[in-house]
Amino acid sequence: MMKIAWIGTGVMGKPMALHLAKAGYEVSVYNRHIDKAKALEPLVKAYASIEACVKDADIVFSIVGYPSDVKEVYEEVMKYVKPKTILVDMTTSSPTLAIELEKKASKKGLFMLDAPVTGGDIGAINATLSIMVGGDEAIFNHVLPLFQKMGKTITYMGKPGSGMHAKLANQTVIAGNVMGIAEALVYAKEKGLDQERMLSVITGGSASSWQAQYNGAKMIKGDHQPGFYVKHFLKDLKLVLDEKKDLRLEVVETVAKAYQMLSDQGYAEKGTQSIIDYYLKHMI
């Protein structure tokens with residue numbers, strides 16, 4: 001049985017690592033806050049250092065916060081893993097960085113995939129994530145059985161960096177969708193319509209979406225608990241803007257400005273559904 005090292009045991013990483021452990025894999029975990037790693041024991045073994053966590057691993061998975069975290073983590077990981085170890089970064093990170101890391105890994109006799117996910121905390125808990133993967137296709141096929149323990153839709157996207165580009169395209173769709181739901185609910189409220197009935201119309205017809213089903217209800221209730229943090233979605237949108245070159249991506253630009261305003265006003269640690277407050281507090 002393959003030995004797996006897992007780095008990052010937050011909202012997404014915790015259930016993902018546990019799915020692999022429950023499938024019978026030997027899983028070692030690391031988090032910079034050791035208590036968050038130990039919370040997964042006894043199903044996994046928690047370690048206080050990256051070196052101890054990864055030195056015997058056949059595959060290293062990571063899902064951390066920001067591209068700077070990814071870079072820092074893999075500078076350490078590549079020092080300590082054995083030759084031919086497979087490295088899989090599942091963070092939503094920079095495509096440019098993913099390409100750079102794959103080149104560094106290759107020079108060291110290692111293999112690397114970029115494999116970000118979408119589906120939120122619910123998808124991570126229920127193992128129904130969509131996982132999009134860039135890198136060598138043979139390595140992808142080798143890791144596929146593990147991806148299938150964490151997700152429902154696993155898609156090979158192509159060369160290194162392709163997984164990250166696919167995730168940023170996905171986040172572009174979410175940007176327009178989550179803002180559209182907020183606008184619809186604000187419009188309905190302003191016109192005296194019952195909010196829950198309005199949401200049932202949306203989710204029962206052609207306007208339905210995951211965002212409407214899960215975050216629409218939270219918007220109505222004023223529930224700001226994060227399934228996905230404002231700070232992380234804003235990071236994703238900024239990555240799209242960094243990578244877009246000469247493309248006109250007006251939706252992303254507009255939504256990024258809204259989330260930046262919310263972040264500046266103390267919403268960074270709240271859920272992305274909090275975008276409705278951009279309208280309720282600032283636009284009405």
# chains A, B, ... in the order shown; residues from 1 in each chain; ligands from 1
call {"tool": "closest_atom_pairs", "arguments": {"of": "region 158-186 of chain A", "to": "region 264-272 of chain A", "cutoff": "12 Å", "atoms": "only C-alpha atoms", "output": "tab-separated table"}}
result
residue	atom	partner	partner_atom	distance
A:Gln171	CA	A:Thr272	CA	11.9
A:Ile174	CA	A:Thr272	CA	10.2
A:Ala175	CA	A:Thr272	CA	9.7
A:Asn177	CA	A:Thr272	CA	11.4
A:Val178	CA	A:Thr272	CA	8.0
A:Met179	CA	A:Thr272	CA	9.7
A:Ile181	CA	A:Thr272	CA	11.8
A:Ala182	CA	A:Thr272	CA	10.7
call {"tool": "write_last_selection", "arguments": {"atoms": "N, CA and C atoms", "output": "mmCIF file, in the first residue's frame"}}
result
data_model
loop_
_atom_site.group_PDB
_atom_site.id
_atom_site.type_symbol
_atom_site.label_atom_id
_atom_site.label_comp_id
_atom_site.auth_asym_id
_atom_site.auth_seq_id
_atom_site.Cartn_x
_atom_site.Cartn_y
_atom_site.Cartn_z
ATOM 1 N N GLN A 171 -13.448 29.414 -11.418
ATOM 2 C CA GLN A 171 -13.716 30.485 -10.471
ATOM 3 C C GLN A 171 -14.339 31.705 -11.156
ATOM 4 N N ILE A 174 -17.986 30.982 -11.172
ATOM 5 C CA ILE A 174 -18.543 31.179 -9.828
ATOM 6 C C ILE A 174 -18.683 32.662 -9.515
ATOM 7 N N ALA A 175 -17.720 33.456 -9.942
ATOM 8 C CA ALA A 175 -17.761 34.895 -9.670
ATOM 9 C C ALA A 175 -19.051 35.510 -10.185
ATOM 10 N N ASN A 177 -21.773 33.919 -11.024
ATOM 11 C CA ASN A 177 -22.929 33.239 -10.456
ATOM 12 C C ASN A 177 -23.263 33.752 -9.054
ATOM 13 N N VAL A 178 -22.261 33.831 -8.187
ATOM 14 C CA VAL A 178 -22.535 34.228 -6.809
ATOM 15 C C VAL A 178 -22.991 35.687 -6.732
ATOM 16 N N MET A 179 -22.442 36.533 -7.594
ATOM 17 C CA MET A 179 -22.882 37.919 -7.606
ATOM 18 C C MET A 179 -24.283 38.019 -8.193
ATOM 19 N N ILE A 181 -26.685 35.808 -7.987
ATOM 20 C CA ILE A 181 -27.646 35.354 -6.979
ATOM 21 C C ILE A 181 -27.905 36.464 -5.972
ATOM 22 N N ALA A 182 -26.835 37.107 -5.509
ATOM 23 C CA ALA A 182 -26.987 38.206 -4.555
ATOM 24 C C ALA A 182 -27.837 39.325 -5.159
#
call {"tool": "select_by_dssp", "arguments": {"residues": "region 31-223 of chain A", "states": "alpha helix (DSSP H)", "output": "ChimeraX atom specification"}}
result
/A:34-38,50-54,67-80,95-107,120-126,137-150,162-190,195-203,210,216-221
call {"tool": "closest_atom_pairs", "arguments": {"of": "region 161-204 of chain A", "to": "region 89-105 of chain A", "cutoff": "9 Å", "atoms": "only C-alpha atoms", "output": "JSON lines"}}
result
{"residue": "A:Gly161", "atom": "CA", "partner": "A:Pro95", "partner_atom": "CA", "distance": 4.6}
{"residue": "A:Ser162", "atom": "CA", "partner": "A:Pro95", "partner_atom": "CA", "distance": 7.2}
{"residue": "A:Gly163", "atom": "CA", "partner": "A:Pro95", "partner_atom": "CA", "distance": 7.9}
{"residue": "A:Met164", "atom": "CA", "partner": "A:Pro95", "partner_atom": "CA", "distance": 5.1}
{"residue": "A:His165", "atom": "CA", "partner": "A:Pro95", "partner_atom": "CA", "distance": 6.0}
{"residue": "A:Lys167", "atom": "CA", "partner": "A:Thr92", "partner_atom": "CA", "distance": 6.9}
{"residue": "A:Leu168", "atom": "CA", "partner": "A:Thr92", "partner_atom": "CA", "distance": 7.9}
call {"tool": "write_last_selection", "arguments": {"atoms": "C-alpha atoms", "output": "PDB file, in the first residue's frame"}}
result
ATOM      1  CA  GLY A 161      -0.267  24.352 -15.239  1.00  0.00           C
ATOM      2  CA  SER A 162      -3.417  23.229 -17.052  1.00  0.00           C
ATOM      3  CA  GLY A 163      -5.145  22.156 -13.858  1.00  0.00           C
ATOM      4  CA  MET A 164      -4.600  25.591 -12.358  1.00  0.00           C
ATOM      5  CA  HIS A 165      -5.827  27.360 -15.493  1.00  0.00           C
ATOM      6  CA  LYS A 167      -9.614  26.080 -11.820  1.00  0.00           C
ATOM      7  CA  LEU A 168      -9.275  29.791 -12.554  1.00  0.00           C
TER       8      LEU A 168
END
call {"tool": "residues_around", "arguments": {"residues": "region 232-237 of chain A", "least_positions_apart": "2", "cutoff": "7 Å", "atoms": "only C-alpha atoms", "output": "JSON, numbers by chain"}}
result
{"A": [92, 168, 229, 230, 239, 240, 241, 252, 256, 259, 260]}
call {"tool": "closest_residue", "arguments": {"among": "A:Glu72, A:Asp35, A:Glu196, A:Asp114", "to": "Val143 (chain A)", "atoms": "only C-alpha atoms"}}
result
A:Asp114
call {"tool": "atom_distance", "arguments": {"atom1": "CA of Gln195 (chain A)", "atom2": "CA of Gly120 (chain A)"}}
result
23.8 Å
call {"tool": "atom_distance", "arguments": {"atom1": "CA of Thr172 (chain A)", "atom2": "CA of Met132 (chain A)"}}
result
15.0 Å
call {"tool": "residues_around", "arguments": {"residues": "Gly10 (chain A)", "least_positions_apart": "6", "cutoff": "9 Å", "atoms": "only C-alpha atoms", "output": "PyMOL selection string"}}
result
chain A and resi 31+36-37+63-64
